[in-house]
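Here's the structure we're looking at; comments come further down.
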Amino acid sequence: MQTVVLAAGEGTRMRPLTADTPKPMLPVAGTPLVVRCLEDAIESGASRVVVVVGYEAEAVRTAIAERDWPVPVETVTQAEQRGTADAVRAARSELEEAPFVVLNGDALYDRESLAELYDANAAVGSYRVENPSSYGVLRVADGRVEGVVEKPADPPSNLVNTGAYVFPAAALAWLDVDESERGELELTDVLQRACETTEVRSVPFDRWLDVGRPWELLAANEWALADLDREVGGDVSDDAELRGTVVVENGATIEPGVVIEGPAYVAAGSHVGPNAYVRGATYLGPDTRVGHGVEVKNSVVMADSAVPHLTYLGDSVLGEDVNLGAGTTVANLRHDGEPVELTVKGDRVSTGRRKFGIVCGDGVRTGINCTINVGIVLDAGATVAPGETVLRDR
Ligand code: TTP
């Protein structure tokens, strides 16, 4: 079925990681998020894909163009990020007068569930959550979706909208919706109309992850790393120990005394050790450096970043070209054991994670022997002086 993948958004909740990198290009176990979405869509039944790009469009266009796809894949540009219905409208001229699938390009879906969606006529992927109030919640009776309510105080069900839809051909004419209360042109209004005019099925998804905020990028990497097969290339010392599912790309170097406990991914050009400890769903991007006496646990370290000496980095996300000075220590657990909070668009929000460290935008530099508290966000280009204790975002 023809498919539209939405990848034009600004990713404001993912800042500072999206200051220069569009969210669809953030790495998930070595593959950009949007590429993973396309692979899942094609594997599950997409016969043709139109990817809508917008924010930092060139990077997304290039990543798509440089891959060989088994079905036609093209990109169209959404001039202004006015909402999801507007994004599909940008693809409308490329679509045939036939049913079409729409997927959020920043979500992970399990392929079996996605394949079930592709088999349906008109449908929305649903996912069961305990506390649905912060999502779009589906009103469902006998598997039929009667409507969708945004962030309801009194949710009509525990089934939330995954942003994966099959629309009937007629919906192509319904994309010209009015602005919603929050000032966007929303695809959920098109879904609502579909529910009122035709039978829309709820297809329950076994797994789904909306990758909107930094800790969800960690979760996405945890998900994808757990699915990998062990594959060790590169230059790996006989005196290094690689336990479990570890991927080392060709062109990476693992020095003596290194212990890597999978799942972990070490991309080409990276240099690990000597004497480093990497564990717990860690992704080390291209040309990264993890040096002597460094422990990296459950973290995403993006391209060209370095943690060269005597550092603890846990449950954290480092953007590109970050350098943590010798002896930098990151806290990842509150003394009261409560979930760590993080600032998202100016508000402190619970990550829901008992352990979470820090988020560094591109180009952050920390001096030697500094300490950074749990849940700190360092903006792109921020610096920390030697010996400093960082208790607030900067
Ligand atoms: P959102 O997650 O609502 O928006 P976003 O990705 O820009 O993130 P944020 O809210 O943090 O700023 O978007 C859902 C999907 O739709 C996502 O894949 C991006 C895409 N999208 C567009 O393609 N065009 C748009 O105008 C908008 C708002 C979203």
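Chain labels A, B, ... are given in the sequence in which chains occur in the structure tokens; within each chain residues are numbered consecutively from 1, and ligands are likewise numbered from 1 in the order shown.
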
Quiz item: Which neighbours of A:Gly325 fall inside 7 Å, counting only C-alpha atoms, when residues of the same chain fewer than 4 positions from it are skipped, and could you give them as a PyMOL selection string?
Solution: chain A and resi 366-368

Mind checking which residues fall within 9 Å of stretch 80-89 of chain A, counting only C-alpha atoms, ignoring those fewer than 6 positions away in the same chain, and posting them as a PDB file with all heavy atoms, in the first residue's frame?
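So selection21.pdb came out as:
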```pdb
ATOM      1  N   VAL A   4       2.764   7.265   3.458  1.00  0.00           N
ATOM      2  CA  VAL A   4       3.365   8.581   3.722  1.00  0.00           C
ATOM      3  C   VAL A   4       4.061   8.505   5.078  1.00  0.00           C
ATOM      4  O   VAL A   4       3.447   8.102   6.068  1.00  0.00           O
ATOM      5  CB  VAL A   4       2.275   9.681   3.757  1.00  0.00           C
ATOM      6  CG1 VAL A   4       2.911  11.041   4.010  1.00  0.00           C
ATOM      7  CG2 VAL A   4       1.468   9.695   2.469  1.00  0.00           C
ATOM      8  N   VAL A   5       5.333   8.865   5.104  1.00  0.00           N
ATOM      9  CA  VAL A   5       6.067   8.907   6.368  1.00  0.00           C
ATOM     10  C   VAL A   5       6.325  10.374   6.720  1.00  0.00           C
ATOM     11  O   VAL A   5       6.889  11.125   5.912  1.00  0.00           O
ATOM     12  CB  VAL A   5       7.398   8.129   6.255  1.00  0.00           C
ATOM     13  CG1 VAL A   5       8.292   8.397   7.462  1.00  0.00           C
ATOM     14  CG2 VAL A   5       7.123   6.632   6.137  1.00  0.00           C
ATOM     15  N   LEU A   6       5.889  10.760   7.912  1.00  0.00           N
ATOM     16  CA  LEU A   6       6.007  12.167   8.319  1.00  0.00           C
ATOM     17  C   LEU A   6       7.343  12.405   9.017  1.00  0.00           C
ATOM     18  O   LEU A   6       7.603  11.832  10.082  1.00  0.00           O
ATOM     19  CB  LEU A   6       4.857  12.536   9.260  1.00  0.00           C
ATOM     20  CG  LEU A   6       3.450  12.282   8.715  1.00  0.00           C
ATOM     21  CD1 LEU A   6       2.396  12.777   9.694  1.00  0.00           C
ATOM     22  CD2 LEU A   6       3.270  12.941   7.357  1.00  0.00           C
ATOM     23  N   ALA A   7       8.170  13.245   8.412  1.00  0.00           N
ATOM     24  CA  ALA A   7       9.509  13.467   8.981  1.00  0.00           C
ATOM     25  C   ALA A   7       9.930  14.924   8.837  1.00  0.00           C
ATOM     26  O   ALA A   7      11.097  15.234   8.627  1.00  0.00           O
ATOM     27  CB  ALA A   7      10.516  12.551   8.282  1.00  0.00           C
ATOM     28  N   ALA A   8       8.939  15.821   8.935  1.00  0.00           N
ATOM     29  CA  ALA A   8       9.242  17.239   8.719  1.00  0.00           C
ATOM     30  C   ALA A   8       9.305  18.032  10.025  1.00  0.00           C
ATOM     31  O   ALA A   8       9.676  19.201  10.021  1.00  0.00           O
ATOM     32  CB  ALA A   8       8.178  17.847   7.804  1.00  0.00           C
ATOM     33  N   GLY A   9       8.926  17.391  11.131  1.00  0.00           N
ATOM     34  CA  GLY A   9       8.762  18.131  12.392  1.00  0.00           C
ATOM     35  C   GLY A   9      10.047  18.736  12.928  1.00  0.00           C
ATOM     36  O   GLY A   9      11.156  18.300  12.595  1.00  0.00           O
ATOM     37  N   GLU A  10       9.876  19.728  13.795  1.00  0.00           N
ATOM     38  CA  GLU A  10      11.025  20.449  14.330  1.00  0.00           C
ATOM     39  C   GLU A  10      11.651  19.718  15.514  1.00  0.00           C
ATOM     40  O   GLU A  10      12.808  19.953  15.861  1.00  0.00           O
ATOM     41  CB  GLU A  10      10.548  21.843  14.759  1.00  0.00           C
ATOM     42  CG  GLU A  10      11.560  22.904  14.432  1.00  0.00           C
ATOM     43  CD  GLU A  10      11.077  24.277  14.881  1.00  0.00           C
ATOM     44  OE1 GLU A  10       9.972  24.655  14.478  1.00  0.00           O
ATOM     45  OE2 GLU A  10      11.812  24.923  15.639  1.00  0.00           O
ATOM     46  N   VAL A  52       7.798  12.955   3.939  1.00  0.00           N
ATOM     47  CA  VAL A  52       7.618  14.411   4.011  1.00  0.00           C
ATOM     48  C   VAL A  52       8.732  14.978   4.877  1.00  0.00           C
ATOM     49  O   VAL A  52       8.868  14.624   6.051  1.00  0.00           O
ATOM     50  CB  VAL A  52       6.244  14.769   4.611  1.00  0.00           C
ATOM     51  CG1 VAL A  52       6.040  16.278   4.590  1.00  0.00           C
ATOM     52  CG2 VAL A  52       5.129  14.062   3.844  1.00  0.00           C
ATOM     53  N   VAL A  53       9.545  15.845   4.292  1.00  0.00           N
ATOM     54  CA  VAL A  53      10.657  16.445   5.029  1.00  0.00           C
ATOM     55  C   VAL A  53      10.413  17.946   5.155  1.00  0.00           C
ATOM     56  O   VAL A  53       9.610  18.524   4.417  1.00  0.00           O
ATOM     57  CB  VAL A  53      12.019  16.167   4.334  1.00  0.00           C
ATOM     58  CG1 VAL A  53      12.299  14.682   4.311  1.00  0.00           C
ATOM     59  CG2 VAL A  53      12.045  16.736   2.916  1.00  0.00           C
ATOM     60  N   GLY A  54      11.085  18.581   6.097  1.00  0.00           N
ATOM     61  CA  GLY A  54      10.881  20.019   6.301  1.00  0.00           C
ATOM     62  C   GLY A  54      12.024  20.590   7.093  1.00  0.00           C
ATOM     63  O   GLY A  54      12.999  21.107   6.542  1.00  0.00           O
ATOM     64  N   TYR A  55      11.977  20.428   8.427  1.00  0.00           N
ATOM     65  CA  TYR A  55      13.029  20.954   9.300  1.00  0.00           C
ATOM     66  C   TYR A  55      14.359  20.250   8.985  1.00  0.00           C
ATOM     67  O   TYR A  55      14.409  19.016   8.971  1.00  0.00           O
ATOM     68  CB  TYR A  55      12.630  20.739  10.758  1.00  0.00           C
ATOM     69  CG  TYR A  55      13.669  21.189  11.746  1.00  0.00           C
ATOM     70  CD1 TYR A  55      13.929  22.544  11.926  1.00  0.00           C
ATOM     71  CD2 TYR A  55      14.393  20.270  12.498  1.00  0.00           C
ATOM     72  CE1 TYR A  55      14.888  22.962  12.841  1.00  0.00           C
ATOM     73  CE2 TYR A  55      15.339  20.681  13.409  1.00  0.00           C
ATOM     74  CZ  TYR A  55      15.590  22.030  13.574  1.00  0.00           C
ATOM     75  OH  TYR A  55      16.539  22.436  14.480  1.00  0.00           O
ATOM     76  N   VAL A 102      -0.360   6.213   6.740  1.00  0.00           N
ATOM     77  CA  VAL A 102       0.463   7.321   7.242  1.00  0.00           C
ATOM     78  C   VAL A 102       1.167   6.834   8.510  1.00  0.00           C
ATOM     79  O   VAL A 102       0.546   6.224   9.382  1.00  0.00           O
ATOM     80  CB  VAL A 102      -0.385   8.565   7.585  1.00  0.00           C
ATOM     81  CG1 VAL A 102       0.505   9.672   8.147  1.00  0.00           C
ATOM     82  CG2 VAL A 102      -1.135   9.074   6.354  1.00  0.00           C
ATOM     83  N   ASN A 104       4.119   8.082  11.569  1.00  0.00           N
ATOM     84  CA  ASN A 104       5.024   9.081  12.123  1.00  0.00           C
ATOM     85  C   ASN A 104       6.453   8.572  11.944  1.00  0.00           C
ATOM     86  O   ASN A 104       6.768   7.463  12.370  1.00  0.00           O
ATOM     87  CB  ASN A 104       4.769   9.268  13.627  1.00  0.00           C
ATOM     88  CG  ASN A 104       3.562  10.134  13.887  1.00  0.00           C
ATOM     89  OD1 ASN A 104       3.020  10.748  12.966  1.00  0.00           O
ATOM     90  ND2 ASN A 104       3.131  10.196  15.126  1.00  0.00           N
ATOM     91  N   LEU A 172      -8.181  11.733   1.185  1.00  0.00           N
ATOM     92  CA  LEU A 172      -7.309  12.696   0.486  1.00  0.00           C
ATOM     93  C   LEU A 172      -7.994  14.055   0.367  1.00  0.00           C
ATOM     94  O   LEU A 172      -7.336  15.098   0.336  1.00  0.00           O
ATOM     95  CB  LEU A 172      -6.953  12.166  -0.908  1.00  0.00           C
ATOM     96  CG  LEU A 172      -5.971  10.997  -0.932  1.00  0.00           C
ATOM     97  CD1 LEU A 172      -5.910  10.381  -2.316  1.00  0.00           C
ATOM     98  CD2 LEU A 172      -4.582  11.449  -0.477  1.00  0.00           C
ATOM     99  N   LEU A 175      -8.112  16.515   3.938  1.00  0.00           N
ATOM    100  CA  LEU A 175      -6.888  17.009   4.606  1.00  0.00           C
ATOM    101  C   LEU A 175      -6.914  18.505   4.890  1.00  0.00           C
ATOM    102  O   LEU A 175      -6.092  19.020   5.654  1.00  0.00           O
ATOM    103  CB  LEU A 175      -5.656  16.664   3.749  1.00  0.00           C
ATOM    104  CG  LEU A 175      -5.393  15.160   3.584  1.00  0.00           C
ATOM    105  CD1 LEU A 175      -4.352  14.912   2.496  1.00  0.00           C
ATOM    106  CD2 LEU A 175      -4.924  14.544   4.906  1.00  0.00           C
ATOM    107  N   ASP A 176      -7.854  19.213   4.252  1.00  0.00           N
ATOM    108  CA  ASP A 176      -7.899  20.676   4.437  1.00  0.00           C
ATOM    109  C   ASP A 176      -8.698  21.017   5.693  1.00  0.00           C
ATOM    110  O   ASP A 176      -9.771  21.607   5.625  1.00  0.00           O
ATOM    111  CB  ASP A 176      -8.497  21.319   3.190  1.00  0.00           C
ATOM    112  CG  ASP A 176      -7.737  20.894   1.955  1.00  0.00           C
ATOM    113  OD1 ASP A 176      -6.584  21.314   1.806  1.00  0.00           O
ATOM    114  OD2 ASP A 176      -8.277  20.079   1.167  1.00  0.00           O
ATOM    115  N   VAL A 177      -8.151  20.617   6.825  1.00  0.00           N
ATOM    116  CA  VAL A 177      -8.860  20.810   8.102  1.00  0.00           C
ATOM    117  C   VAL A 177      -8.624  22.234   8.637  1.00  0.00           C
ATOM    118  O   VAL A 177      -7.729  22.941   8.179  1.00  0.00           O
ATOM    119  CB  VAL A 177      -8.372  19.790   9.159  1.00  0.00           C
ATOM    120  CG1 VAL A 177      -8.751  18.383   8.767  1.00  0.00           C
ATOM    121  CG2 VAL A 177      -6.862  19.899   9.360  1.00  0.00           C
ATOM    122  N   GLU A 179      -7.623  24.933  11.730  1.00  0.00           N
ATOM    123  CA  GLU A 179      -6.617  24.912  12.794  1.00  0.00           C
ATOM    124  C   GLU A 179      -7.225  24.405  14.094  1.00  0.00           C
ATOM    125  O   GLU A 179      -8.350  24.759  14.440  1.00  0.00           O
ATOM    126  CB  GLU A 179      -6.104  26.336  13.042  1.00  0.00           C
ATOM    127  CG  GLU A 179      -4.851  26.625  12.283  1.00  0.00           C
ATOM    128  CD  GLU A 179      -4.213  27.933  12.695  1.00  0.00           C
ATOM    129  OE1 GLU A 179      -4.590  28.519  13.725  1.00  0.00           O
ATOM    130  OE2 GLU A 179      -3.327  28.385  11.957  1.00  0.00           O
ATOM    131  N   GLY A 183      -3.406  25.511  17.371  1.00  0.00           N
ATOM    132  CA  GLY A 183      -2.942  26.239  16.181  1.00  0.00           C
ATOM    133  C   GLY A 183      -2.296  25.378  15.117  1.00  0.00           C
ATOM    134  O   GLY A 183      -1.537  25.861  14.283  1.00  0.00           O
ATOM    135  N   GLU A 184      -2.594  24.053  15.120  1.00  0.00           N
ATOM    136  CA  GLU A 184      -2.011  23.175  14.097  1.00  0.00           C
ATOM    137  C   GLU A 184      -3.104  22.531  13.247  1.00  0.00           C
ATOM    138  O   GLU A 184      -4.264  22.465  13.655  1.00  0.00           O
ATOM    139  CB  GLU A 184      -1.182  22.062  14.772  1.00  0.00           C
ATOM    140  CG  GLU A 184       0.104  22.581  15.376  1.00  0.00           C
ATOM    141  CD  GLU A 184       1.063  21.465  15.791  1.00  0.00           C
ATOM    142  OE1 GLU A 184       0.845  20.291  15.421  1.00  0.00           O
ATOM    143  OE2 GLU A 184       2.031  21.782  16.493  1.00  0.00           O
ATOM    144  N   LEU A 185      -2.716  22.082  12.073  1.00  0.00           N
ATOM    145  CA  LEU A 185      -3.630  21.328  11.208  1.00  0.00           C
ATOM    146  C   LEU A 185      -3.371  19.853  11.505  1.00  0.00           C
ATOM    147  O   LEU A 185      -2.298  19.342  11.196  1.00  0.00           O
ATOM    148  CB  LEU A 185      -3.362  21.667   9.741  1.00  0.00           C
ATOM    149  CG  LEU A 185      -3.373  23.175   9.435  1.00  0.00           C
ATOM    150  CD1 LEU A 185      -2.930  23.457   8.006  1.00  0.00           C
ATOM    151  CD2 LEU A 185      -4.764  23.762   9.677  1.00  0.00           C
ATOM    152  N   GLU A 186      -4.338  19.205  12.145  1.00  0.00           N
ATOM    153  CA  GLU A 186      -4.053  17.914  12.776  1.00  0.00           C
ATOM    154  C   GLU A 186      -4.676  16.743  12.019  1.00  0.00           C
ATOM    155  O   GLU A 186      -5.854  16.778  11.656  1.00  0.00           O
ATOM    156  CB  GLU A 186      -4.625  17.895  14.196  1.00  0.00           C
ATOM    157  CG  GLU A 186      -4.430  19.166  14.979  1.00  0.00           C
ATOM    158  CD  GLU A 186      -3.413  19.025  16.092  1.00  0.00           C
ATOM    159  OE1 GLU A 186      -2.760  17.965  16.164  1.00  0.00           O
ATOM    160  OE2 GLU A 186      -3.288  19.980  16.871  1.00  0.00           O
ATOM    161  N   LEU A 187      -3.878  15.707  11.872  1.00  0.00           N
ATOM    162  CA  LEU A 187      -4.348  14.494  11.216  1.00  0.00           C
ATOM    163  C   LEU A 187      -5.430  13.787  12.041  1.00  0.00           C
ATOM    164  O   LEU A 187      -6.250  13.041  11.502  1.00  0.00           O
ATOM    165  CB  LEU A 187      -3.154  13.556  10.998  1.00  0.00           C
ATOM    166  CG  LEU A 187      -3.232  12.562   9.849  1.00  0.00           C
ATOM    167  CD1 LEU A 187      -3.622  13.215   8.539  1.00  0.00           C
ATOM    168  CD2 LEU A 187      -1.918  11.830   9.709  1.00  0.00           C
ATOM    169  N   THR A 188      -5.450  14.042  13.341  1.00  0.00           N
ATOM    170  CA  THR A 188      -6.488  13.407  14.169  1.00  0.00           C
ATOM    171  C   THR A 188      -7.874  13.925  13.773  1.00  0.00           C
ATOM    172  O   THR A 188      -8.865  13.227  13.940  1.00  0.00           O
ATOM    173  CB  THR A 188      -6.228  13.668  15.668  1.00  0.00           C
ATOM    174  OG1 THR A 188      -5.864  15.022  15.834  1.00  0.00           O
ATOM    175  CG2 THR A 188      -5.136  12.771  16.192  1.00  0.00           C
ATOM    176  N   ASP A 189      -7.958  15.139  13.230  1.00  0.00           N
ATOM    177  CA  ASP A 189      -9.252  15.634  12.741  1.00  0.00           C
ATOM    178  C   ASP A 189      -9.697  14.841  11.507  1.00  0.00           C
ATOM    179  O   ASP A 189     -10.887  14.623  11.288  1.00  0.00           O
ATOM    180  CB  ASP A 189      -9.177  17.136  12.418  1.00  0.00           C
ATOM    181  CG  ASP A 189      -9.137  17.966  13.696  1.00  0.00           C
ATOM    182  OD1 ASP A 189      -9.471  17.409  14.766  1.00  0.00           O
ATOM    183  OD2 ASP A 189      -8.743  19.145  13.654  1.00  0.00           O
ATOM    184  N   VAL A 190      -8.720  14.436  10.708  1.00  0.00           N
ATOM    185  CA  VAL A 190      -9.039  13.602   9.542  1.00  0.00           C
ATOM    186  C   VAL A 190      -9.471  12.209  10.029  1.00  0.00           C
ATOM    187  O   VAL A 190     -10.419  11.626   9.511  1.00  0.00           O
ATOM    188  CB  VAL A 190      -7.811  13.502   8.602  1.00  0.00           C
ATOM    189  CG1 VAL A 190      -8.153  12.678   7.361  1.00  0.00           C
ATOM    190  CG2 VAL A 190      -7.319  14.893   8.213  1.00  0.00           C
TER     191      VAL A 190
END
```

Selection: 9 Å around A:Ala120, only C-alpha atoms, excl. self and same-chain fewer than 3 positions, as an mmCIF file with N, CA and C atoms, in the first residue's frame:
```
data_model
loop_
_atom_site.group_PDB
_atom_site.id
_atom_site.type_symbol
_atom_site.label_atom_id
_atom_site.label_comp_id
_atom_site.auth_asym_id
_atom_site.auth_seq_id
_atom_site.Cartn_x
_atom_site.Cartn_y
_atom_site.Cartn_z
ATOM 1 N N GLU A 116 -0.143 -6.118 10.339
ATOM 2 C CA GLU A 116 -1.596 -6.250 10.511
ATOM 3 C C GLU A 116 -2.312 -4.976 10.100
ATOM 4 N N LEU A 117 -1.686 -3.849 10.415
ATOM 5 C CA LEU A 117 -2.272 -2.568 10.018
ATOM 6 C C LEU A 117 -2.368 -2.488 8.495
ATOM 7 N N ALA A 123 -7.956 1.965 9.351
ATOM 8 C CA ALA A 123 -7.548 1.518 10.688
ATOM 9 C C ALA A 123 -6.605 2.517 11.330
ATOM 10 N N VAL A 166 -4.348 3.674 8.461
ATOM 11 C CA VAL A 166 -4.726 3.405 7.070
ATOM 12 C C VAL A 166 -5.956 4.265 6.807
ATOM 13 N N VAL A 200 -13.634 2.314 10.973
ATOM 14 C CA VAL A 200 -12.190 2.366 11.238
ATOM 15 C C VAL A 200 -11.885 1.353 12.340
ATOM 16 N N ARG A 201 -10.994 0.410 12.070
ATOM 17 C CA ARG A 201 -10.661 -0.616 13.053
ATOM 18 C C ARG A 201 -9.503 -0.166 13.934
ATOM 19 N N VAL A 203 -6.228 -1.451 15.443
ATOM 20 C CA VAL A 203 -5.278 -2.560 15.344
ATOM 21 C C VAL A 203 -4.334 -2.472 16.544
#
```

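Nearest residue to A:Glu216, choosing from A:Thr343, A:Thr162, A:Thr351, A:Asn250 and counting only C-alpha atoms: A:Thr351.
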
Restricting to only C-alpha atoms, whichever of A:Pro274, A:Gly125, A:Gly251, A:Gly327 is closest to A:Asp235 is A:Gly251

Please run DSSP on the backbone and report, as a ChimeraX atom specification, all residues within stretch 8-255 of chain A that come out as helix (DSSP H, G or I).
/A:12-14,23-25,33-44,57-65,84-94,111-118,132-134,169-174,187-197,214-226

So that I can see what lies close to A:Arg243, please list as a PyMOL selection string the residues with an atom at most 8 Å from it, counting only C-alpha atoms and leaving out residues fewer than 2 positions away in the same chain. chain A and resi 241+245-246+259-262

Now that the selection is made, can you save its residues with all heavy atoms as a PDB file, in the first residue's frame?
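Result file is result_32.pdb:
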```pdb
ATOM      1  N   GLU A 241      37.381  -8.064  26.285  1.00  0.00           N
ATOM      2  CA  GLU A 241      36.338  -9.063  26.506  1.00  0.00           C
ATOM      3  C   GLU A 241      35.004  -8.506  26.035  1.00  0.00           C
ATOM      4  O   GLU A 241      34.513  -7.507  26.574  1.00  0.00           O
ATOM      5  CB  GLU A 241      36.288  -9.355  27.999  1.00  0.00           C
ATOM      6  CG  GLU A 241      35.799 -10.747  28.298  1.00  0.00           C
ATOM      7  CD  GLU A 241      35.832 -11.002  29.797  1.00  0.00           C
ATOM      8  OE1 GLU A 241      36.853 -10.680  30.435  1.00  0.00           O
ATOM      9  OE2 GLU A 241      34.827 -11.505  30.302  1.00  0.00           O
ATOM     10  N   THR A 245      25.577  -9.660  23.161  1.00  0.00           N
ATOM     11  CA  THR A 245      25.328  -9.101  21.828  1.00  0.00           C
ATOM     12  C   THR A 245      26.073  -7.793  21.665  1.00  0.00           C
ATOM     13  O   THR A 245      25.628  -6.746  22.120  1.00  0.00           O
ATOM     14  CB  THR A 245      23.822  -8.860  21.626  1.00  0.00           C
ATOM     15  OG1 THR A 245      23.135 -10.018  22.039  1.00  0.00           O
ATOM     16  CG2 THR A 245      23.513  -8.560  20.181  1.00  0.00           C
ATOM     17  N   VAL A 246      27.212  -7.896  21.012  1.00  0.00           N
ATOM     18  CA  VAL A 246      28.017  -6.694  20.783  1.00  0.00           C
ATOM     19  C   VAL A 246      28.235  -6.571  19.280  1.00  0.00           C
ATOM     20  O   VAL A 246      28.571  -7.548  18.607  1.00  0.00           O
ATOM     21  CB  VAL A 246      29.380  -6.804  21.508  1.00  0.00           C
ATOM     22  CG1 VAL A 246      30.255  -5.595  21.195  1.00  0.00           C
ATOM     23  CG2 VAL A 246      29.173  -6.931  23.018  1.00  0.00           C
ATOM     24  N   VAL A 259      36.236  -4.088  28.619  1.00  0.00           N
ATOM     25  CA  VAL A 259      35.136  -5.038  28.770  1.00  0.00           C
ATOM     26  C   VAL A 259      33.883  -4.371  28.203  1.00  0.00           C
ATOM     27  O   VAL A 259      33.537  -3.252  28.603  1.00  0.00           O
ATOM     28  CB  VAL A 259      34.904  -5.423  30.250  1.00  0.00           C
ATOM     29  CG1 VAL A 259      33.667  -6.297  30.384  1.00  0.00           C
ATOM     30  CG2 VAL A 259      36.131  -6.136  30.808  1.00  0.00           C
ATOM     31  N   ILE A 260      33.240  -5.018  27.250  1.00  0.00           N
ATOM     32  CA  ILE A 260      31.968  -4.514  26.722  1.00  0.00           C
ATOM     33  C   ILE A 260      30.907  -5.570  27.001  1.00  0.00           C
ATOM     34  O   ILE A 260      31.032  -6.716  26.574  1.00  0.00           O
ATOM     35  CB  ILE A 260      32.031  -4.220  25.211  1.00  0.00           C
ATOM     36  CG1 ILE A 260      33.153  -3.208  24.904  1.00  0.00           C
ATOM     37  CG2 ILE A 260      30.691  -3.688  24.722  1.00  0.00           C
ATOM     38  CD1 ILE A 260      33.262  -2.819  23.437  1.00  0.00           C
ATOM     39  N   GLU A 261      29.882  -5.161  27.755  1.00  0.00           N
ATOM     40  CA  GLU A 261      28.768  -6.068  28.026  1.00  0.00           C
ATOM     41  C   GLU A 261      27.602  -5.657  27.146  1.00  0.00           C
ATOM     42  O   GLU A 261      27.089  -4.549  27.277  1.00  0.00           O
ATOM     43  CB  GLU A 261      28.339  -5.951  29.495  1.00  0.00           C
ATOM     44  CG  GLU A 261      29.240  -6.708  30.442  1.00  0.00           C
ATOM     45  CD  GLU A 261      28.915  -6.407  31.898  1.00  0.00           C
ATOM     46  OE1 GLU A 261      27.916  -5.722  32.189  1.00  0.00           O
ATOM     47  OE2 GLU A 261      29.696  -6.856  32.751  1.00  0.00           O
ATOM     48  N   GLY A 262      27.200  -6.551  26.244  1.00  0.00           N
ATOM     49  CA  GLY A 262      26.114  -6.219  25.352  1.00  0.00           C
ATOM     50  C   GLY A 262      24.773  -6.164  26.065  1.00  0.00           C
ATOM     51  O   GLY A 262      24.671  -6.591  27.210  1.00  0.00           O
TER      52      GLY A 262
END
```

>> To one decimal place in Å, what is the distance between atom CA of A:Val76 and atom CA of A:Ala46?
In response: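 Going from atom CA of A:Val76 over to atom CA of A:Ala46, I get 17.1 Å.
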
* Asked: Counting only C-alpha atoms, what is within 10 Å of A:Gly381, bar same-chain residues fewer than 2 positions away, as a PyMOL selection string?
  -> chain A and resi 16+321-322+360-365+378-379+383+394

Would you kindly return, as an mmCIF file with N, CA, C and O atoms, in the first residue's frame, each protein, DNA or RNA residue with an atom no farther than 6 Å from any atom of A:Phe100, considering only C-alpha atoms and excluding same-chain residues fewer than 6 positions away?
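Dumped to out_36.cif:
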```
data_model
loop_
_atom_site.group_PDB
_atom_site.id
_atom_site.type_symbol
_atom_site.label_atom_id
_atom_site.label_comp_id
_atom_site.auth_asym_id
_atom_site.auth_seq_id
_atom_site.Cartn_x
_atom_site.Cartn_y
_atom_site.Cartn_z
ATOM 1 N N GLN A 2 0.425 2.295 -0.699
ATOM 2 C CA GLN A 2 1.206 3.544 -0.707
ATOM 3 C C GLN A 2 1.251 4.132 0.708
ATOM 4 O O GLN A 2 0.279 4.043 1.460
ATOM 5 N N THR A 3 2.379 4.698 1.046
ATOM 6 C CA THR A 3 2.621 5.094 2.437
ATOM 7 C C THR A 3 3.250 6.479 2.514
ATOM 8 O O THR A 3 4.156 6.800 1.729
ATOM 9 N N VAL A 166 -4.348 3.674 8.461
ATOM 10 C CA VAL A 166 -4.726 3.405 7.070
ATOM 11 C C VAL A 166 -5.956 4.265 6.807
ATOM 12 O O VAL A 166 -6.967 4.139 7.511
ATOM 13 N N PHE A 167 -5.849 5.154 5.829
ATOM 14 C CA PHE A 167 -6.985 6.004 5.470
ATOM 15 C C PHE A 167 -7.596 5.529 4.150
ATOM 16 O O PHE A 167 -6.871 5.082 3.251
#
```

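Considering the residues A:Pro132, A:Gly285, A:Gly346, A:Pro32 and counting only C-alpha atoms, A:Asp154 has its shortest atom-to-atom contact with A:Pro132.
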